[in-house]
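A.B. asks: Below you'll find the structure I mean.
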Amino acid sequence: MKSYFLLSFLVCANFLNINVCQANHSNNWAVLVDTSRFWFNYRHVANVLSIYRSVKRLGIPDSQIILMVADDMACNPRNPSPATVFNNADQQLNVYGDDVEVDFRGYEVTVENFVRLLTGRLPPDTPRSKQLLTDEGSNILIYLTGHGGDGFLKFQDSEEVTSQELADALEQMWQKRRYHEIFFMIDTCQASSMYEKFYSPNILAMASSLVGEDSLSHHVDPAIGVYIIDRYTFYALKFLENVKLKSRISMKSFLGVCPKQDCISTVGVRIDLFHRDLAKVPITDFFGSVRPVELTFDFLDISNTPL
Amino acid sequence: MNAKCLGFLFVFIGPAYSETYSEELFIKPLATGYVYSFFQFTVIREDDSFKHSTLFPHSLGDIIDRFHVAELNVDLTSGLWRHKSWGYPAVDAPSGAEISARFHNDTQDVDKNWYGLTNALSGLLCTSLNFINSANSYESSSDRVYRYSNLPRENVCTENLTPWKKLLPCDSTRGLSSLLNSGRVHNANYHSLGIHFRPLCLAGKCKYELRQTVSLVYDSVFISFNNNYDWSLRKMFGTGLFKTCPLADYSKIYLDTSSNSSVPYLISQEPDYMLKNNIAVYNLNGIFHLSAIVPRPKIVVSELRPLLYTDRFITGFGQEYGGLVTRIYNDHKSSIIATVIENIPWFLPIYYHTLKVTSNGVRVTPKALIYKPGKGRVRIYYLEIVLELAPRSVTEISVQFDYVFLKWQEYPPDANHGFYIGSAIVKATIPRHATSLTFDKSLIVDNLNSTGSDYLICLKTENFIITLPTPDFSMPYNVICLACTVVALAFGPIHNITTKRLKLTTAKYVPGLASVAQKLYVWLENIFWSKKKNKTGKAAVVKVFVPEELSYHPTLGHVSEEFMKDKVDYIAS
């Protein structure tokens, strides 16, 4: 009986061998942060919710998405259609959706909470939904949007995280084996300054603009009265809407997502810390949740394992 | 091996805990065209251990177990309930988040459990309940294991409704909860989500009740689009009812038709039966739709006012001193005993000696008074006053306070928006009244059937918003900019003066204003050089050139020809 099982395992293993080799991470997480408060920053909330919508659609569960939204746009009294956030003036796509879980909101979105979340140095009572419970097999998508400058990103218009602090936080994550690979995306002015200080391995970074450039918003919805999305994220969402869980789209094609004539700013990319061939990295390695099966060829003794 | 497996199965499936689930919707047209709909989803179970359950939400059961919670009330509300025109709601909740809990009597460290509970709930319900600390919560004066807090700033949106719906046995796919679409819920004039857990003990035997409630008030003029008071399930919730929840033992809609006498309206469906002559009851099985047509919409509904209602406001002007006034109106023909609980945050320090209680303008002494002074950043100002409200009277409680300066880091990012002050609580036992609803029993039907003469109400007053003196946060930045400019402007000349090597021989003065400066300069330099001379023993000969004698050096500007000669040599060599 036992030998039959073993045999079937081995057969499966040979059959699945190729897939096993390709998937070298075991789980996917996403940290999506909007750092801007106030109604006129509606577009930043639309940005972060666009990415939230995409990663959720591609299979990352809410329990593995940490969504930080610094202000309530959906139920803001100024919002003419409550409980919605649109990414487009034609109001076809409600990126807020009917099923959203915001983990950090309002005043909770601070630099301290963000860095604590990344590094895992949290107070003892922190609920699971506010923890980044990643391990050395986790691929993490980090998306930040807000107002920034050369070497910093503003939080709530009252404090800043600098590029050095961010780089150090990521290094601490690496040392604590809290990630396998990170895809870092940022949509802010002078965005590429935020990843220039990174020095930890396995980080692929992408920014909406180079140092000295502004990231621009896409268009105004006259019904809402403010700019509703930024250019870079608008085109990124457009790209991601065409991605399916089984698509064979690579990260390389995603890195070319917003050419200069669309974005007006130059999209910055940093690949020197990342050691895989980008043409062979499927986009679902970061935006989706692919659950590879790990096969073991040994029998495990679970009789002594406490339940 | 097989026997063992079966044994395991028995452990998990064997003991059938009795749990019942019922879902009810109570609809009541209110005055001036508003429609109140109150949803209640009730799970009652007999077992107090929440390790295993079929209907009771496991995530909440875990929290209740872990933090030794005996009773829990959480309300997330947006909007203001207008007692004066709407009467009493089934669950009274102030705007924002409100949470109260009673822990088991044997709980050692109640505060630790309280903060653990609020943190856990903040994760479960996507709220900022983790901001609850000792500076915004209080324990009851009479109950060691009771804690209360409210966060008036908390906004309520889909991210709160989503996890709330996930606690229901049928989620939002079937049954009455399928009416709760986020777009419609958050478009209401008043909406409140609640979670209420309590033990129901009778003769030493306890049952545990979990009620999940939603209160919604829609303006029927707004939802009908035709400028009339017609309403229907579809107009309010955007959908009709299609499937009932198969897990529910009890699935009913009640429509209060008592206002039909003043404003007649036509209901599209014949009720299954009537309860106490004025409540139409519909059993839900399958597709259901309900609409009401109000033929004479222009008549404003005049309803009886509730017996007791409140009013609260701020007095004073400026940003130094202010006053807080709470008014309680008793419209009943006999006196009522009421308890007023004020919890005033530490940044609004009140003066106890200014506390004044008047009834119809005449100063009265409260029957009892408990005052716990607050402490900056640590404890709220707690005031509990027991009053006898005279018949047909207005009782006013007023107290003076200071506006305080906060520390720089304590101001929120939007400090100029203002600071929210939570509601006061008024508890009283009032006689049953035509407009009143009592919601102290498990099911709505039992409450509607209730015939008790007196019942306890718990009113929550308005929140209000104050402007604390807020500094100009860009001031340090401005100061830095200005100071740097001044330093930069001063640095150039000082650097020039102190580092430039000038070879000067004899002084020649040009007449006019410039000569004064020249004299001053020569005098200062003489002092400087003479001191240096004492130290080094070298004499310096001072000469001031007239501009004609100078020649131009590309970096140093006008210098003497001698200097220029040296320089040129230097550059050449």
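Lettering and numbering for the structure tokens are positional, with chains as A, B, ... in the shown order, residues counted from 1 in each chain, and ligands counted from 1 in the shown order.
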Identify all chain A residues at most 10 Å from chain B by counting only C-alpha atoms; ligands do not count. Present them as a PyMOL selection string.
C.D. replies: chain A and resi 37-38+71-77+80-84+96-108+124-131+155-159
A.B. asks: Include C-alpha atoms and write out the residues we just selected as a PDB file, in the first residue's frame.
C.D. replies:
ATOM      1  CA  ARG A  37      -5.082  62.613   2.862  1.00  0.00           C
ATOM      2  CA  PHE A  38      -7.620  65.226   1.703  1.00  0.00           C
ATOM      3  CA  ASP A  71      -8.360  59.056   3.829  1.00  0.00           C
ATOM      4  CA  ASP A  72     -11.894  57.950   3.219  1.00  0.00           C
ATOM      5  CA  MET A  73     -12.754  58.957  -0.328  1.00  0.00           C
ATOM      6  CA  ALA A  74     -15.497  56.429  -0.956  1.00  0.00           C
ATOM      7  CA  CYS A  75     -17.782  57.606   1.838  1.00  0.00           C
ATOM      8  CA  ASN A  76     -16.516  61.166   1.833  1.00  0.00           C
ATOM      9  CA  PRO A  77     -19.410  63.630   2.012  1.00  0.00           C
ATOM     10  CA  PRO A  80     -21.487  62.302  -5.251  1.00  0.00           C
ATOM     11  CA  SER A  81     -21.857  58.513  -5.453  1.00  0.00           C
ATOM     12  CA  PRO A  82     -21.111  57.048  -2.017  1.00  0.00           C
ATOM     13  CA  ALA A  83     -19.100  53.868  -1.595  1.00  0.00           C
ATOM     14  CA  THR A  84     -17.470  54.153  -5.009  1.00  0.00           C
ATOM     15  CA  TYR A  96     -13.449  50.299  -4.640  1.00  0.00           C
ATOM     16  CA  GLY A  97     -15.843  47.452  -5.338  1.00  0.00           C
ATOM     17  CA  ASP A  98     -18.400  45.876  -3.069  1.00  0.00           C
ATOM     18  CA  ASP A  99     -15.950  43.732  -1.188  1.00  0.00           C
ATOM     19  CA  VAL A 100     -12.987  45.660   0.139  1.00  0.00           C
ATOM     20  CA  GLU A 101     -10.958  45.321   3.311  1.00  0.00           C
ATOM     21  CA  VAL A 102      -8.830  48.291   4.288  1.00  0.00           C
ATOM     22  CA  ASP A 103      -6.305  47.266   6.924  1.00  0.00           C
ATOM     23  CA  PHE A 104      -4.833  50.629   7.872  1.00  0.00           C
ATOM     24  CA  ARG A 105      -6.940  53.678   7.369  1.00  0.00           C
ATOM     25  CA  GLY A 106      -7.001  57.342   8.190  1.00  0.00           C
ATOM     26  CA  TYR A 107      -4.639  58.333  10.951  1.00  0.00           C
ATOM     27  CA  GLU A 108      -3.236  54.799  11.105  1.00  0.00           C
ATOM     28  CA  PRO A 124       1.870  42.377  20.872  1.00  0.00           C
ATOM     29  CA  ASP A 125      -1.860  42.997  20.377  1.00  0.00           C
ATOM     30  CA  THR A 126      -1.637  43.697  16.637  1.00  0.00           C
ATOM     31  CA  PRO A 127      -4.331  41.742  14.807  1.00  0.00           C
ATOM     32  CA  ARG A 128      -3.333  39.415  11.996  1.00  0.00           C
ATOM     33  CA  SER A 129      -4.837  41.630   9.331  1.00  0.00           C
ATOM     34  CA  LYS A 130      -2.326  44.347  10.243  1.00  0.00           C
ATOM     35  CA  GLN A 131       0.705  42.093  10.056  1.00  0.00           C
ATOM     36  CA  PHE A 155       2.740  60.680   4.564  1.00  0.00           C
ATOM     37  CA  GLN A 156      -0.507  62.530   5.232  1.00  0.00           C
ATOM     38  CA  ASP A 157       1.138  65.850   4.461  1.00  0.00           C
ATOM     39  CA  SER A 158       2.738  65.811   7.895  1.00  0.00           C
ATOM     40  CA  GLU A 159       5.696  63.431   7.860  1.00  0.00           C
TER      41      GLU A 159
END
A.B. asks: Counting only C-alpha atoms, what is within 9 Å of range 228-231 of chain B, bar same-chain residues fewer than 5 positions away, as a PDB file with N, CA and C atoms, in the first residue's frame?
C.D. replies:
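And here's out29.pdb as it stands now:
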ATOM      1  N   THR B  32     -42.126  63.150   8.115  1.00  0.00           N
ATOM      2  CA  THR B  32     -41.628  63.913   6.967  1.00  0.00           C
ATOM      3  C   THR B  32     -40.920  63.065   5.907  1.00  0.00           C
ATOM      4  N   GLY B  33     -41.516  61.926   5.625  1.00  0.00           N
ATOM      5  CA  GLY B  33     -41.084  61.173   4.461  1.00  0.00           C
ATOM      6  C   GLY B  33     -39.878  60.283   4.636  1.00  0.00           C
ATOM      7  N   TYR B  34     -39.347  60.172   5.840  1.00  0.00           N
ATOM      8  CA  TYR B  34     -38.223  59.263   6.049  1.00  0.00           C
ATOM      9  C   TYR B  34     -38.742  57.853   6.314  1.00  0.00           C
ATOM     10  N   VAL B  35     -37.959  56.885   5.892  1.00  0.00           N
ATOM     11  CA  VAL B  35     -38.317  55.490   6.134  1.00  0.00           C
ATOM     12  C   VAL B  35     -37.185  54.827   6.894  1.00  0.00           C
ATOM     13  N   ASP B 219     -34.459  58.944   2.959  1.00  0.00           N
ATOM     14  CA  ASP B 219     -35.402  60.005   2.659  1.00  0.00           C
ATOM     15  C   ASP B 219     -36.180  59.546   1.431  1.00  0.00           C
ATOM     16  N   SER B 220     -37.468  59.271   1.604  1.00  0.00           N
ATOM     17  CA  SER B 220     -38.219  58.681   0.488  1.00  0.00           C
ATOM     18  C   SER B 220     -38.351  59.655  -0.680  1.00  0.00           C
ATOM     19  N   VAL B 221     -38.286  60.943  -0.402  1.00  0.00           N
ATOM     20  CA  VAL B 221     -38.320  61.913  -1.508  1.00  0.00           C
ATOM     21  C   VAL B 221     -37.061  61.772  -2.358  1.00  0.00           C
ATOM     22  N   PHE B 222     -35.958  61.558  -1.687  1.00  0.00           N
ATOM     23  CA  PHE B 222     -34.673  61.435  -2.375  1.00  0.00           C
ATOM     24  C   PHE B 222     -34.600  60.151  -3.188  1.00  0.00           C
ATOM     25  N   ILE B 223     -35.118  59.060  -2.631  1.00  0.00           N
ATOM     26  CA  ILE B 223     -34.978  57.783  -3.345  1.00  0.00           C
ATOM     27  C   ILE B 223     -36.059  57.572  -4.390  1.00  0.00           C
ATOM     28  N   MET B 236     -35.135  51.454  -2.042  1.00  0.00           N
ATOM     29  CA  MET B 236     -34.231  51.657  -0.912  1.00  0.00           C
ATOM     30  C   MET B 236     -32.934  50.874  -1.083  1.00  0.00           C
ATOM     31  N   TYR B 265     -51.291  55.179   3.306  1.00  0.00           N
ATOM     32  CA  TYR B 265     -50.530  54.705   2.152  1.00  0.00           C
ATOM     33  C   TYR B 265     -50.972  53.311   1.771  1.00  0.00           C
ATOM     34  N   LEU B 290     -41.841  44.483  -1.944  1.00  0.00           N
ATOM     35  CA  LEU B 290     -42.768  45.282  -1.156  1.00  0.00           C
ATOM     36  C   LEU B 290     -42.607  46.741  -1.553  1.00  0.00           C
ATOM     37  N   SER B 291     -43.720  47.387  -1.822  1.00  0.00           N
ATOM     38  CA  SER B 291     -43.629  48.821  -2.098  1.00  0.00           C
ATOM     39  C   SER B 291     -44.843  49.515  -1.484  1.00  0.00           C
ATOM     40  N   ALA B 292     -44.675  50.794  -1.225  1.00  0.00           N
ATOM     41  CA  ALA B 292     -45.760  51.559  -0.628  1.00  0.00           C
ATOM     42  C   ALA B 292     -45.981  52.808  -1.462  1.00  0.00           C
ATOM     43  N   ILE B 293     -47.232  53.116  -1.693  1.00  0.00           N
ATOM     44  CA  ILE B 293     -47.571  54.331  -2.439  1.00  0.00           C
ATOM     45  C   ILE B 293     -48.297  55.273  -1.490  1.00  0.00           C
ATOM     46  N   VAL B 294     -47.789  56.474  -1.412  1.00  0.00           N
ATOM     47  CA  VAL B 294     -48.391  57.467  -0.538  1.00  0.00           C
ATOM     48  C   VAL B 294     -49.155  58.435  -1.429  1.00  0.00           C
ATOM     49  N   PRO B 295     -50.497  58.355  -1.457  1.00  0.00           N
ATOM     50  CA  PRO B 295     -51.239  59.135  -2.453  1.00  0.00           C
ATOM     51  C   PRO B 295     -51.210  60.638  -2.215  1.00  0.00           C
ATOM     52  N   ARG B 296     -51.167  61.065  -0.984  1.00  0.00           N
ATOM     53  CA  ARG B 296     -51.191  62.508  -0.722  1.00  0.00           C
ATOM     54  C   ARG B 296     -49.867  62.909  -0.095  1.00  0.00           C
ATOM     55  N   PRO B 297     -48.850  63.037  -0.911  1.00  0.00           N
ATOM     56  CA  PRO B 297     -47.505  63.171  -0.347  1.00  0.00           C
ATOM     57  C   PRO B 297     -47.235  64.527   0.266  1.00  0.00           C
ATOM     58  N   LYS B 298     -48.032  65.536  -0.044  1.00  0.00           N
ATOM     59  CA  LYS B 298     -47.660  66.872   0.406  1.00  0.00           C
ATOM     60  C   LYS B 298     -47.907  67.085   1.900  1.00  0.00           C
TER      61      LYS B 298
END
A.B. asks: If you run DSSP on the backbone here, which positions in range 103-148 of chain A get strand (DSSP E)? Please write them as a list in words.
C.D. replies: Phe104, Arg105, Ser138, Asn139, Ile140, Leu141, Ile142, Tyr143, Leu144, Thr145 and Gly148 of chain A
A.B. asks: What is the CA of Tyr309 in chain B-CA of His196 in chain B distance in Å, reported with one decimal?
C.D. replies: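 Computing it gives 23.7 Å between the two atoms.
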A.B. asks: Using DSSP assignments from the backbone, pull out every residue in range 7-120 of chain A that falls under helix (DSSP H, G or I) and give it to me as a count of residues only.
C.D. replies: 50
A.B. asks: Env of Thr365 in chain B: 9 Å cut, atoms = only C-alpha atoms, seq-sep filter 6 positions within chain, self excluded. Answer as an NGL selection string.
C.D. replies: :B and (356-358 or 387)
A.B. asks: Write the selection just made, keeping C-alpha atoms, as a PDB file, in the first residue's frame?
C.D. replies:
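Output below, filename again_29.pdb:
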ATOM      1  CA  LYS B 356     -24.479  74.037  36.922  1.00  0.00           C
ATOM      2  CA  VAL B 357     -27.691  72.056  36.697  1.00  0.00           C
ATOM      3  CA  THR B 358     -30.880  74.003  36.099  1.00  0.00           C
ATOM      4  CA  LEU B 387     -31.272  63.760  37.986  1.00  0.00           C
TER       5      LEU B 387
END
A.B. asks: Would you pick out the contacts of Leu168 in chain B at 9 Å or less, using only C-alpha atoms, so that residues sharing its chain but fewer than 4 positions from it are not included, and give the list as a list of chain:residue names?
C.D. replies: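 Neighbouring residues, sequence-local ones excluded: B:Phe41, B:Leu55, B:Phe56, B:Pro57, B:Trp164, B:Ser172, B:Ser177, B:Gln212.
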A.B. asks: Please provide the set of residues having any atom within 12 Å of Cys245 in chain B, restricted to only C-alpha atoms, with same-chain residues fewer than 5 positions apart removed, written as a PyMOL selection string.
C.D. replies: chain B and resi 21-24+41+168-178+250-252+284-287
A.B. asks: Please write the residues from the selection above to a file, keeping N, CA, C and O atoms, as an mmCIF file, in the first residue's frame.
C.D. replies:
data_model
loop_
_atom_site.group_PDB
_atom_site.id
_atom_site.type_symbol
_atom_site.label_atom_id
_atom_site.label_comp_id
_atom_site.auth_asym_id
_atom_site.auth_seq_id
_atom_site.Cartn_x
_atom_site.Cartn_y
_atom_site.Cartn_z
ATOM 1 N N TYR B 21 -31.008 30.526 14.285
ATOM 2 C CA TYR B 21 -30.691 31.736 13.535
ATOM 3 C C TYR B 21 -31.989 32.312 12.976
ATOM 4 O O TYR B 21 -32.815 31.581 12.428
ATOM 5 N N SER B 22 -32.163 33.584 13.140
ATOM 6 C CA SER B 22 -33.354 34.210 12.564
ATOM 7 C C SER B 22 -32.958 35.539 11.940
ATOM 8 O O SER B 22 -32.054 36.222 12.422
ATOM 9 N N GLU B 23 -33.632 35.881 10.876
ATOM 10 C CA GLU B 23 -33.362 37.174 10.254
ATOM 11 C C GLU B 23 -34.682 37.914 10.096
ATOM 12 O O GLU B 23 -35.684 37.361 9.657
ATOM 13 N N GLU B 24 -34.641 39.177 10.497
ATOM 14 C CA GLU B 24 -35.859 39.970 10.500
ATOM 15 C C GLU B 24 -35.566 41.365 9.984
ATOM 16 O O GLU B 24 -34.473 41.885 10.149
ATOM 17 N N PHE B 41 -30.185 40.213 12.607
ATOM 18 C CA PHE B 41 -29.802 38.823 12.361
ATOM 19 C C PHE B 41 -29.362 38.243 13.698
ATOM 20 O O PHE B 41 -28.395 38.723 14.283
ATOM 21 N N LEU B 168 -22.158 36.795 8.995
ATOM 22 C CA LEU B 168 -23.501 36.216 8.907
ATOM 23 C C LEU B 168 -23.430 34.794 8.359
ATOM 24 O O LEU B 168 -22.592 34.507 7.501
ATOM 25 N N PRO B 169 -24.322 33.925 8.817
ATOM 26 C CA PRO B 169 -24.274 32.541 8.320
ATOM 27 C C PRO B 169 -24.456 32.455 6.805
ATOM 28 O O PRO B 169 -23.823 31.643 6.155
ATOM 29 N N CYS B 170 -25.318 33.302 6.227
ATOM 30 C CA CYS B 170 -25.529 33.235 4.779
ATOM 31 C C CYS B 170 -24.744 34.303 4.043
ATOM 32 O O CYS B 170 -25.040 34.582 2.875
ATOM 33 N N ASP B 171 -23.781 34.909 4.706
ATOM 34 C CA ASP B 171 -23.024 36.006 4.084
ATOM 35 C C ASP B 171 -24.023 37.001 3.487
ATOM 36 O O ASP B 171 -25.025 37.319 4.117
ATOM 37 N N SER B 172 -23.773 37.502 2.300
ATOM 38 C CA SER B 172 -24.735 38.442 1.720
ATOM 39 C C SER B 172 -25.354 37.860 0.470
ATOM 40 O O SER B 172 -25.908 38.559 -0.359
ATOM 41 N N THR B 173 -25.241 36.548 0.331
ATOM 42 C CA THR B 173 -25.709 35.943 -0.917
ATOM 43 C C THR B 173 -27.200 35.648 -0.880
ATOM 44 O O THR B 173 -27.877 35.712 -1.890
ATOM 45 N N ARG B 174 -27.712 35.297 0.288
ATOM 46 C CA ARG B 174 -29.103 34.902 0.381
ATOM 47 C C ARG B 174 -29.748 35.579 1.582
ATOM 48 O O ARG B 174 -29.060 35.966 2.509
ATOM 49 N N GLY B 175 -31.045 35.649 1.500
ATOM 50 C CA GLY B 175 -31.776 36.171 2.645
ATOM 51 C C GLY B 175 -31.760 37.684 2.703
ATOM 52 O O GLY B 175 -31.383 38.368 1.746
ATOM 53 N N LEU B 176 -32.147 38.202 3.846
ATOM 54 C CA LEU B 176 -32.306 39.644 3.988
ATOM 55 C C LEU B 176 -30.986 40.393 3.802
ATOM 56 O O LEU B 176 -30.972 41.541 3.373
ATOM 57 N N SER B 177 -29.874 39.722 4.111
ATOM 58 C CA SER B 177 -28.596 40.424 3.979
ATOM 59 C C SER B 177 -28.247 40.717 2.526
ATOM 60 O O SER B 177 -27.406 41.550 2.242
ATOM 61 N N SER B 178 -28.927 40.042 1.584
ATOM 62 C CA SER B 178 -28.663 40.354 0.172
ATOM 63 C C SER B 178 -29.179 41.742 -0.193
ATOM 64 O O SER B 178 -28.859 42.264 -1.251
ATOM 65 N N TYR B 250 -36.179 31.444 10.911
ATOM 66 C CA TYR B 250 -37.207 32.437 11.053
ATOM 67 C C TYR B 250 -36.826 33.579 10.136
ATOM 68 O O TYR B 250 -35.738 34.117 10.232
ATOM 69 N N SER B 251 -37.678 33.933 9.194
ATOM 70 C CA SER B 251 -37.323 34.941 8.216
ATOM 71 C C SER B 251 -38.562 35.782 7.937
ATOM 72 O O SER B 251 -39.490 35.330 7.279
ATOM 73 N N LYS B 252 -38.579 36.994 8.489
ATOM 74 C CA LYS B 252 -39.824 37.767 8.424
ATOM 75 C C LYS B 252 -39.550 39.247 8.190
ATOM 76 O O LYS B 252 -38.493 39.775 8.539
ATOM 77 N N LEU B 284 -41.168 35.265 4.758
ATOM 78 C CA LEU B 284 -40.378 35.247 3.535
ATOM 79 C C LEU B 284 -40.145 33.823 3.096
ATOM 80 O O LEU B 284 -39.626 32.998 3.828
ATOM 81 N N ASN B 285 -40.603 33.500 1.902
ATOM 82 C CA ASN B 285 -40.223 32.234 1.269
ATOM 83 C C ASN B 285 -40.212 32.461 -0.224
ATOM 84 O O ASN B 285 -41.238 32.477 -0.871
ATOM 85 N N GLY B 286 -39.048 32.695 -0.734
ATOM 86 C CA GLY B 286 -38.918 32.914 -2.171
ATOM 87 C C GLY B 286 -38.900 34.388 -2.523
ATOM 88 O O GLY B 286 -38.554 35.234 -1.711
ATOM 89 N N ILE B 287 -39.273 34.657 -3.762
ATOM 90 C CA ILE B 287 -39.174 36.027 -4.261
ATOM 91 C C ILE B 287 -40.181 36.914 -3.542
ATOM 92 O O ILE B 287 -41.334 36.537 -3.339
#
A.B. asks: Any idea what the distance is between CA of Gln518 in chain B and CA of His495 in chain B?
C.D. replies: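 One can read the CA of Gln518 in chain B to CA of His495 in chain B distance as 18.6 Å.
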A.B. asks: Can you work out the spacing between CA of Gln64 in chain A and CA of Leu133 in chain A in Å, to one decimal?
C.D. replies: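 Rounded to one decimal, the two atoms are 8.2 Å apart.
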A.B. asks: Write out as a short mmCIF file (atom, residue, chain, number, x, y, z; two decimals) with C-alpha atoms, in the first residue's frame each polymer residue whose atoms come within 9 Å of range 61-70 of chain B, counting only C-alpha atoms; drop sequence neighbours fewer than 2 positions from it.
C.D. replies:
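Printed below is selection35.cif as written:
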data_model
loop_
_atom_site.label_atom_id
_atom_site.label_comp_id
_atom_site.auth_asym_id
_atom_site.auth_seq_id
_atom_site.Cartn_x
_atom_site.Cartn_y
_atom_site.Cartn_z
CA ASP B 48 -20.63 29.17 26.14
CA SER B 49 -17.54 27.68 24.57
CA PHE B 50 -17.02 28.98 21.05
CA LYS B 51 -14.53 26.33 20.00
CA HIS B 52 -17.06 24.84 17.67
CA SER B 53 -20.11 26.41 16.12
CA PHE B 56 -22.17 31.58 15.35
CA PRO B 57 -19.29 33.36 13.56
CA HIS B 58 -16.10 31.60 14.49
CA SER B 59 -13.87 34.65 14.18
CA LEU B 72 -20.11 43.21 23.84
CA ALA B 101 -17.79 45.46 26.79
CA ARG B 102 -18.32 43.67 30.04
CA PHE B 103 -15.78 41.03 30.93
CA HIS B 104 -16.22 37.99 33.12
CA ASN B 105 -16.10 38.83 36.80
CA ASP B 106 -13.02 36.71 37.41
CA THR B 107 -10.96 38.65 34.83
CA LYS B 112 -5.27 44.32 29.17
CA ASN B 113 -8.25 42.35 27.91
CA TRP B 114 -10.01 45.55 26.86
CA GLY B 116 -6.66 43.24 23.34
CA LEU B 117 -10.33 43.11 22.47
CA ALA B 120 -8.71 42.32 17.69
CA LEU B 121 -11.98 43.96 16.67
CA PHE B 197 -23.43 39.93 22.12
CA ARG B 198 -24.89 39.16 25.52
CA PRO B 199 -25.79 36.26 27.75
#
